[in-house]
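Next comes entry09.pdb, with PDB, C-alpha atoms and all ligand atoms.
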ATOM      1  CA  MET A   1       0.000   0.000   0.000
ATOM      2  CA  ASN A   2       1.378   3.382  -0.855
ATOM      3  CA  GLN A   3       1.731   6.191   1.641
ATOM      4  CA  GLN A   4      -0.972   8.289   0.046
ATOM      5  CA  LEU A   5      -3.543   5.530   0.293
ATOM      6  CA  ILE A   6      -2.675   4.882   3.934
ATOM      7  CA  GLU A   7      -3.091   8.559   4.727
ATOM      8  CA  GLN A   8      -6.410   8.623   2.917
ATOM      9  CA  ILE A   9      -7.728   5.642   4.886
ATOM     10  CA  VAL A  10      -6.487   7.033   8.198
ATOM     11  CA  GLY A  11      -8.099  10.345   7.365
ATOM     12  CA  GLU A  12     -11.427   8.673   6.619
ATOM     13  CA  ILE A  13     -11.327   6.685   9.851
ATOM     14  CA  LEU A  14     -10.526   9.788  11.884
ATOM     15  CA  GLY A  15     -13.343  11.598  10.123
ATOM     16  CA  GLN A  16     -15.755   8.835  11.073
ATOM     17  CA  LEU A  17     -14.585   8.885  14.672
ATOM     18  CA  GLY A  18     -15.056  12.632  14.795
ATOM     19  CA  LYS A  19     -18.649  12.317  13.626
ATOM     20  CA  SER A  20     -19.775   9.840  16.252
ATOM     21  CA  PRO A  21     -18.879  10.796  19.804
ATOM     22  CA  VAL A  22     -17.557   7.971  21.960
ATOM     23  CA  GLN A  23     -20.591   6.201  23.331
ATOM     24  CA  LEU A  24     -20.174   5.271  26.973
ATOM     25  CA  PRO A  25     -21.762   2.010  28.051
ATOM     26  CA  ASP A  26     -24.996   2.095  29.993
ATOM     27  CA  ARG A  27     -24.560   3.035  33.681
ATOM     28  CA  ALA A  28     -20.967   4.122  33.046
ATOM     29  CA  VAL A  29     -19.464   6.676  35.403
ATOM     30  CA  PRO A  30     -16.086   8.300  34.708
ATOM     31  CA  ILE A  31     -13.876   8.200  37.799
ATOM     32  CA  ALA A  32     -11.624  11.082  38.850
ATOM     33  CA  VAL A  33      -8.950  10.694  41.488
ATOM     34  CA  SER A  34      -8.648  13.547  43.974
ATOM     35  CA  ALA A  35      -5.194  13.984  45.424
ATOM     36  CA  ARG A  36      -4.817  15.669  48.834
ATOM     37  CA  HIS A  37      -5.906  19.291  48.640
ATOM     38  CA  VAL A  38      -6.930  22.368  50.579
ATOM     39  CA  HIS A  39      -9.950  24.675  50.334
ATOM     40  CA  LEU A  40      -9.373  28.034  52.031
ATOM     41  CA  GLN A  41     -11.615  30.618  53.598
ATOM     42  CA  PRO A  42     -10.745  34.205  52.502
ATOM     43  CA  GLU A  43      -9.065  35.254  55.786
ATOM     44  CA  HIS A  44      -6.769  32.242  55.685
ATOM     45  CA  VAL A  45      -5.619  33.137  52.146
ATOM     46  CA  GLU A  46      -4.406  36.429  53.559
ATOM     47  CA  VAL A  47      -2.733  34.897  56.612
ATOM     48  CA  LEU A  48      -0.877  32.351  54.460
ATOM     49  CA  PHE A  49      -0.055  34.513  51.432
ATOM     50  CA  GLY A  50      -0.237  38.104  52.674
ATOM     51  CA  ALA A  51      -2.813  40.868  53.037
ATOM     52  CA  GLY A  52      -5.047  41.354  50.006
ATOM     53  CA  TYR A  53      -3.762  38.221  48.290
ATOM     54  CA  GLN A  54      -6.023  36.447  45.794
ATOM     55  CA  LEU A  55      -5.633  32.870  44.587
ATOM     56  CA  THR A  56      -4.558  32.517  40.968
ATOM     57  CA  GLN A  57      -5.914  29.867  38.607
ATOM     58  CA  ARG A  58      -3.580  27.156  37.375
ATOM     59  CA  SER A  59      -6.116  24.899  35.676
ATOM     60  CA  GLU A  60      -9.842  24.370  35.538
ATOM     61  CA  LEU A  61     -11.356  21.376  37.292
ATOM     62  CA  SER A  62     -14.080  19.227  35.792
ATOM     63  CA  GLN A  63     -16.812  20.710  37.964
ATOM     64  CA  PRO A  64     -17.766  24.147  36.567
ATOM     65  CA  GLY A  65     -16.229  27.121  38.384
ATOM     66  CA  GLN A  66     -13.778  24.987  40.357
ATOM     67  CA  PHE A  67     -10.079  25.407  39.741
ATOM     68  CA  ALA A  68      -6.679  24.226  40.920
ATOM     69  CA  ALA A  69      -4.690  27.228  42.122
ATOM     70  CA  ASN A  70      -1.030  27.902  41.482
ATOM     71  CA  GLU A  71      -0.643  28.268  45.230
ATOM     72  CA  THR A  72       0.249  25.414  47.536
ATOM     73  CA  VAL A  73       0.763  25.133  51.294
ATOM     74  CA  MET A  74       2.522  22.779  53.633
ATOM     75  CA  ILE A  75       0.300  20.838  56.026
ATOM     76  CA  ALA A  76       1.743  19.731  59.342
ATOM     77  CA  GLY A  77       0.600  17.168  61.886
ATOM     78  CA  PRO A  78       2.209  15.961  65.118
ATOM     79  CA  LYS A  79       4.294  13.310  63.333
ATOM     80  CA  SER A  80       5.366  14.930  60.079
ATOM     81  CA  SER A  81       4.389  17.358  57.367
ATOM     82  CA  ILE A  82       3.533  17.239  53.674
ATOM     83  CA  GLU A  83       4.768  19.954  51.355
ATOM     84  CA  ARG A  84       3.159  21.527  48.288
ATOM     85  CA  VAL A  85      -0.442  20.566  48.943
ATOM     86  CA  ARG A  86      -2.538  22.062  46.156
ATOM     87  CA  ILE A  87      -5.123  24.703  46.963
ATOM     88  CA  LEU A  88      -8.429  24.431  45.123
ATOM     89  CA  GLY A  89     -10.458  27.516  44.394
ATOM     90  CA  PRO A  90     -12.592  29.470  44.677
ATOM     91  CA  VAL A  91     -12.435  30.350  48.385
ATOM     92  CA  ARG A  92     -15.015  28.778  50.662
ATOM     93  CA  LYS A  93     -16.863  29.566  53.866
ATOM     94  CA  ALA A  94     -14.583  27.398  55.989
ATOM     95  CA  THR A  95     -11.092  26.031  55.425
ATOM     96  CA  GLN A  96     -11.109  22.312  54.691
ATOM     97  CA  VAL A  97      -8.183  19.963  54.153
ATOM     98  CA  GLU A  98      -8.756  16.612  52.430
ATOM     99  CA  VAL A  99      -6.143  13.886  52.809
ATOM    100  CA  SER A 100      -5.979  10.145  52.287
ATOM    101  CA  PHE A 101      -5.723   7.636  55.128
ATOM    102  CA  THR A 102      -2.087   7.067  54.112
ATOM    103  CA  ASP A 103      -1.407  10.813  54.445
ATOM    104  CA  ALA A 104      -3.150  10.839  57.814
ATOM    105  CA  MET A 105      -0.890   8.091  59.147
ATOM    106  CA  LYS A 106       2.190   9.923  57.910
ATOM    107  CA  LEU A 107       1.013  13.181  59.515
ATOM    108  CA  GLY A 108      -0.018  11.451  62.749
ATOM    109  CA  VAL A 109      -3.620  12.680  62.598
ATOM    110  CA  LYS A 110      -6.996  10.963  62.718
ATOM    111  CA  PRO A 111      -9.428  12.668  60.365
ATOM    112  CA  PRO A 112     -12.959  11.270  60.039
ATOM    113  CA  LEU A 113     -14.462  10.035  56.776
ATOM    114  CA  ARG A 114     -16.768  12.852  55.761
ATOM    115  CA  GLU A 115     -18.676  14.383  52.957
ATOM    116  CA  SER A 116     -17.027  17.564  51.710
ATOM    117  CA  GLY A 117     -18.394  20.566  53.604
ATOM    118  CA  ASN A 118     -19.349  18.567  56.684
ATOM    119  CA  ILE A 119     -16.434  19.438  58.951
ATOM    120  CA  GLU A 120     -18.145  19.843  62.337
ATOM    121  CA  GLY A 121     -15.986  18.077  64.914
ATOM    122  CA  SER A 122     -13.437  16.873  62.353
ATOM    123  CA  ALA A 123      -9.677  16.798  63.003
ATOM    124  CA  PRO A 124      -7.258  19.708  63.562
ATOM    125  CA  ILE A 125      -4.292  20.487  61.290
ATOM    126  CA  THR A 126      -1.727  23.236  60.693
ATOM    127  CA  LEU A 127      -1.289  24.976  57.315
ATOM    128  CA  ILE A 128       1.942  26.766  56.542
ATOM    129  CA  GLY A 129       2.215  29.305  53.733
ATOM    130  CA  PRO A 130       4.985  31.639  52.564
ATOM    131  CA  LYS A 131       3.687  34.511  54.725
ATOM    132  CA  GLY A 132       2.276  32.786  57.776
ATOM    133  CA  SER A 133       0.591  29.771  59.247
ATOM    134  CA  VAL A 134      -2.901  28.807  60.361
ATOM    135  CA  HIS A 135      -3.906  26.155  62.851
ATOM    136  CA  ILE A 136      -7.472  24.970  62.414
ATOM    137  CA  GLU A 137      -9.209  23.085  65.215
ATOM    138  CA  GLN A 138     -11.444  21.297  62.701
ATOM    139  CA  GLY A 139     -11.523  20.939  58.928
ATOM    140  CA  LEU A 140      -9.276  17.950  58.264
ATOM    141  CA  ILE A 141     -11.209  15.084  56.697
ATOM    142  CA  ILE A 142     -10.882  12.007  54.518
ATOM    143  CA  ALA A 143     -13.378  12.608  51.727
ATOM    144  CA  GLN A 144     -16.271  10.195  51.323
ATOM    145  CA  SER A 145     -16.438   8.935  47.741
ATOM    146  CA  HIS A 146     -19.256  10.533  45.780
ATOM    147  CA  ILE A 147     -20.660  11.051  42.307
ATOM    148  CA  HIS A 148     -21.466  14.471  40.928
ATOM    149  CA  MET A 149     -24.278  14.435  38.410
ATOM    150  CA  ALA A 150     -26.870  16.616  36.752
ATOM    151  CA  PRO A 151     -30.593  15.992  37.319
ATOM    152  CA  SER A 152     -30.807  14.402  33.855
ATOM    153  CA  ASP A 153     -28.136  11.832  34.831
ATOM    154  CA  ALA A 154     -29.970  11.139  38.086
ATOM    155  CA  ALA A 155     -33.169  10.470  36.149
ATOM    156  CA  ARG A 156     -31.348   8.186  33.741
ATOM    157  CA  PHE A 157     -29.735   6.181  36.570
ATOM    158  CA  GLY A 158     -32.884   6.246  38.664
ATOM    159  CA  VAL A 159     -31.120   7.734  41.684
ATOM    160  CA  GLU A 160     -31.680  10.718  43.939
ATOM    161  CA  ASP A 161     -29.512  13.293  45.634
ATOM    162  CA  GLY A 162     -28.151  11.925  48.907
ATOM    163  CA  GLU A 163     -28.697   8.281  47.954
ATOM    164  CA  TYR A 164     -25.882   5.768  48.468
ATOM    165  CA  ILE A 165     -25.036   3.400  45.633
ATOM    166  CA  THR A 166     -22.258   1.015  44.595
ATOM    167  CA  VAL A 167     -19.755   1.552  41.808
ATOM    168  CA  GLU A 168     -17.842  -1.352  40.339
ATOM    169  CA  ALA A 169     -14.551  -0.837  38.548
ATOM    170  CA  ASP A 170     -13.499  -3.971  36.708
ATOM    171  CA  GLY A 171      -9.859  -3.308  36.034
ATOM    172  CA  ILE A 172      -6.977  -5.719  36.393
ATOM    173  CA  ARG A 173      -7.613  -5.517  40.133
ATOM    174  CA  PRO A 174     -11.409  -5.351  40.219
ATOM    175  CA  ILE A 175     -12.875  -3.360  43.045
ATOM    176  CA  SER A 176     -16.289  -2.150  44.085
ATOM    177  CA  PHE A 177     -17.002   0.978  46.046
ATOM    178  CA  ARG A 178     -19.950   0.867  48.381
ATOM    179  CA  ASN A 179     -21.630   3.780  50.170
ATOM    180  CA  VAL A 180     -20.908   6.138  47.302
ATOM    181  CA  ARG A 181     -23.036   9.210  47.803
ATOM    182  CA  ILE A 182     -24.983  10.716  44.922
ATOM    183  CA  ARG A 183     -24.774  14.494  44.631
ATOM    184  CA  VAL A 184     -27.166  16.066  42.180
ATOM    185  CA  ASN A 185     -26.903  19.652  40.989
ATOM    186  CA  GLU A 186     -27.743  21.491  37.768
ATOM    187  CA  ARG A 187     -24.121  22.613  37.501
ATOM    188  CA  TYR A 188     -22.528  19.207  38.028
ATOM    189  CA  ARG A 189     -20.899  17.116  35.359
ATOM    190  CA  LEU A 190     -21.121  13.339  35.701
ATOM    191  CA  GLU A 191     -18.020  12.212  37.576
ATOM    192  CA  MET A 192     -17.157  10.047  40.535
ATOM    193  CA  HIS A 193     -14.573  11.368  42.999
ATOM    194  CA  ILE A 194     -12.377   9.007  44.983
ATOM    195  CA  ASP A 195      -9.142   9.616  46.858
ATOM    196  CA  THR A 196      -5.701   8.250  46.046
ATOM    197  CA  ASP A 197      -5.923   5.338  48.486
ATOM    198  CA  GLU A 198      -9.151   4.148  46.884
ATOM    199  CA  ALA A 199      -7.689   4.598  43.409
ATOM    200  CA  ASN A 200      -4.496   2.756  44.267
ATOM    201  CA  ALA A 201      -6.428  -0.141  45.755
ATOM    202  CA  GLY A 202      -8.135  -0.747  42.409
ATOM    203  CA  PHE A 203      -5.295   0.352  40.073
ATOM    204  CA  ILE A 204      -7.576   3.162  38.983
ATOM    205  CA  THR A 205      -6.215   6.055  36.972
ATOM    206  CA  GLN A 206      -7.835   9.309  35.932
ATOM    207  CA  GLY A 207     -10.748   8.638  33.618
ATOM    208  CA  THR A 208     -11.254   4.950  34.418
ATOM    209  CA  ILE A 209     -14.873   4.029  33.812
ATOM    210  CA  GLY A 210     -16.884   2.550  36.652
ATOM    211  CA  ARG A 211     -20.359   1.063  36.586
ATOM    212  CA  LEU A 212     -23.115   2.361  38.820
ATOM    213  CA  VAL A 213     -25.004  -0.411  40.586
ATOM    214  CA  LYS A 214     -28.032   0.190  42.755
ATOM    215  CA  PRO A 215     -27.978  -2.023  45.881
ATOM    216  CA  ASN A 216     -30.964  -4.028  44.624
ATOM    217  CA  ASP A 217     -29.655  -4.349  41.062
ATOM    218  CA  VAL A 218     -28.922  -7.848  39.860
ATOM    219  CA  LYS A 219     -25.272  -7.858  38.902
ATOM    220  CA  GLU A 220     -25.018  -7.657  35.143
ATOM    221  CA  THR A 221     -21.834  -9.673  34.916
ATOM    222  CA  THR A 222     -22.829 -12.700  36.954
ATOM    223  CA  ALA A 223     -25.846 -14.803  36.214
ATOM    224  CA  VAL A 224     -27.924 -15.831  39.190
ATOM    225  CA  GLN A 225     -26.251 -18.915  40.592
ATOM    226  CA  MET A 226     -28.511 -21.923  40.673
ATOM    227  CA  ILE A 227     -28.077 -24.071  43.726
ATOM    228  CA  PRO A 228     -27.060 -27.443  42.301
ATOM    229  CA  GLU A 229     -29.275 -30.397  43.166
ATOM    230  CA  THR A 230     -27.219 -32.246  45.676
ATOM    231  CA  VAL A 231     -26.951 -35.912  44.917
ATOM    232  CA  LYS A 232     -27.691 -37.697  48.157
ATOM    233  CA  VAL A 233     -25.023 -40.212  48.909
ATOM    234  CA  PRO A 234     -25.904 -42.447  51.873
ATOM    235  CA  GLN A 235     -23.461 -41.683  54.643
ATOM    236  CA  SER A 236     -22.742 -43.811  57.641
ATOM    237  CA  PHE A 237     -21.201 -42.982  60.967
ATOM    238  CA  GLU A 238     -18.914 -45.401  62.772
ATOM    239  CA  PHE A 239     -19.969 -45.300  66.420
ATOM    240  CA  THR A 240     -17.400 -46.832  68.767
ATOM    241  CA  LYS A 241     -18.545 -45.981  72.275
ATOM    242  CA  LYS A 242     -20.201 -48.522  74.587
ATOM    243  CA  LEU A 243     -23.477 -46.626  74.944
ATOM    244  CA  LEU A 244     -25.513 -44.839  72.299
ATOM    245  CA  SER A 245     -27.740 -42.207  73.880
ATOM    246  CA  THR A 246     -30.164 -39.644  72.447
ATOM    247  CA  GLU A 247     -27.472 -36.969  72.900
ATOM    248  CA  ASP A 248     -25.031 -38.978  70.799
ATOM    249  CA  LEU A 249     -27.693 -39.435  68.187
ATOM    250  CA  ALA A 250     -28.401 -35.728  68.003
ATOM    251  CA  ALA A 251     -24.748 -35.045  67.318
ATOM    252  CA  ILE A 252     -24.609 -37.440  64.384
ATOM    253  CA  SER A 253     -25.671 -36.059  61.034
ATOM    254  CA  GLU A 254     -25.308 -39.266  59.008
ATOM    255  CA  ASP A 255     -28.385 -41.351  58.241
ATOM    256  CA  GLU A 256     -26.813 -44.659  59.164
ATOM    257  CA  ILE A 257     -25.105 -45.313  62.463
ATOM    258  CA  VAL A 258     -22.915 -48.371  62.635
ATOM    259  CA  ILE A 259     -22.400 -49.684  66.167
ATOM    260  CA  ASN A 260     -20.318 -52.505  67.666
ATOM    261  CA  LYS A 261     -21.939 -55.804  68.695
ATOM    262  CA  GLY A 262     -21.890 -55.039  72.433
ATOM    263  CA  THR A 263     -22.982 -51.393  72.210
ATOM    264  CA  ILE A 264     -26.047 -50.582  74.273
ATOM    265  CA  VAL A 265     -28.664 -48.426  72.598
ATOM    266  CA  THR A 266     -31.079 -46.771  75.019
ATOM    267  CA  ALA A 267     -34.782 -47.177  74.345
ATOM    268  CA  LEU A 268     -35.148 -43.437  73.878
ATOM    269  CA  ALA A 269     -32.282 -43.416  71.384
ATOM    270  CA  LYS A 270     -34.000 -46.165  69.432
ATOM    271  CA  ASP A 271     -37.213 -44.100  69.289
ATOM    272  CA  THR A 272     -35.381 -40.930  68.348
ATOM    273  CA  ALA A 273     -33.505 -42.729  65.594
ATOM    274  CA  ARG A 274     -36.784 -43.964  64.169
ATOM    275  CA  GLU A 275     -38.274 -40.462  64.350
ATOM    276  CA  LEU A 276     -35.274 -38.954  62.589
ATOM    277  CA  GLY A 277     -35.281 -41.657  59.928
ATOM    278  CA  LYS A 278     -31.859 -42.911  60.969
ATOM    279  CA  THR A 279     -30.955 -46.577  60.901
ATOM    280  CA  ILE A 280     -28.786 -48.275  63.486
ATOM    281  CA  THR A 281     -26.789 -51.167  62.120
ATOM    282  CA  VAL A 282     -24.654 -53.588  64.112
ATOM    283  CA  ARG A 283     -21.147 -54.024  62.710
ATOM    284  CA  LYS A 284     -20.487 -57.608  61.540
TER     285      LYS A 284
HETATM  286 ZN    ZN B   1     -16.238  15.966  44.349
END
Could you render the structure as structure tokens?
Ligand SMILES: [Zn+2]
Amino acid sequence: MNQQLIEQIVGEILGQLGKSPVQLPDRAVPIAVSARHVHLQPEHVEVLFGAGYQLTQRSELSQPGQFAANETVMIAGPKSSIERVRILGPVRKATQVEVSFTDAMKLGVKPPLRESGNIEGSAPITLIGPKGSVHIEQGLIIAQSHIHMAPSDAARFGVEDGEYITVEADGIRPISFRNVRIRVNERYRLEMHIDTDEANAGFITQGTIGRLVKPNDVKETTAVQMIPETVKVPQSFEFTKKLLSTEDLAAISEDEIVINKGTIVTALAKDTARELGKTITVRK
């Protein structure tokens, strides 16, 4: 094949691809991995970066209006500190620091698993910027996995805001996430947010596609397992004691009990055996 022909074919294929947008499978949810980050309240921006300072945008995030700032801070716990933790903008009502469980162990802190924004009674942490530092008594959390979606997505999936669902990610190390909270808002774009520990556990990278499963959904990948008809093989139990009582009988699950010639079987045991459909045979 000559070069020109190859280029023509490639061009046609690319043209075709351009026409039809990539169709995601039914119930597919793109997964985004959130690394440790900080949300700041306006006063804390000034303490950390100087009076009148405003965060500057480095890149846009998938959720409209949200951005990663150029600015970073150091976060410090009783055991150690982590440098260059990204600040996400815009500023918020209350400073919030989101770390993974691995980060928490390194820092020597015990943040609770929380939904973003719910920081009441969460863990303390210290933030250190180029111009100053801030110690917050609460605001350090491990973020609860969640899915952002628009009302149209919610309708399509048959879920509601605040509902908890399961997401399965069938990669080379398949994993399912339970208690994933649904967050519905007109401004949201369909995306699941997990932290780095969760991502690492399932070898998940940015953009991996998960599958939303409602708790009562029948798993699409596995057919309902039929309980196989058990073939009843007559089983016998070798009884070696001198006396066979009702108690002994109750402890034996086999249908046939083989006893020695001299073994005494109580009258009650004989009755019980008959009632249970068990046979007592004398060993020859
Ligand atoms: Zn999120």
List, as a ChimeraX atom specification, every residue that the PyMOL selection byres (((chain A and resi 129-141) around 9) and not hetatm) selects in the file provided.
/A:44-50,72-75,94-100,109-128,142-144
Given the PyMOL selection byres (((not hetatm)) within 12 of (chain B and resi 1)) and the file above, list the residues it selects as a PyMOL selection string.
chain A and resi 31-35+37+61-64+66+88+98+114-117+143-149+180-185+188-195
Write out as a ChimeraX atom specification which residues come within 10 Å of A:Ala250 when counting all atoms listed in the file, dropping same-chain ones fewer than 4 positions away.
/A:245-246,269,272-273,276
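Our summary of the geometry notes that atom CA of A:Lys106 is positioned 18.0 Å from atom CA of A:Ala201.
Atom pair atom CA of A:Thr240 / atom CA of A:Asn260: separated by 6.5 Å.
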Any idea what's packed within 8 Å of A:Phe157, counting all atoms listed in the file, ignoring anything in its chain fewer than 2 positions away? Could you give it as a PyMOL selection string?
chain A and resi 27+153-155+159+212
So which residues get picked by the PyMOL selection byres (((chain A and resi 266) around 8) and not hetatm) here, written as JSON, numbers by chain?
{"A": [243, 244, 245, 246, 264, 265, 267, 268, 269, 270]}
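Taking atom CA of A:Lys79 as the reference point, atom CA of A:Arg36 is found at 17.3 Å.
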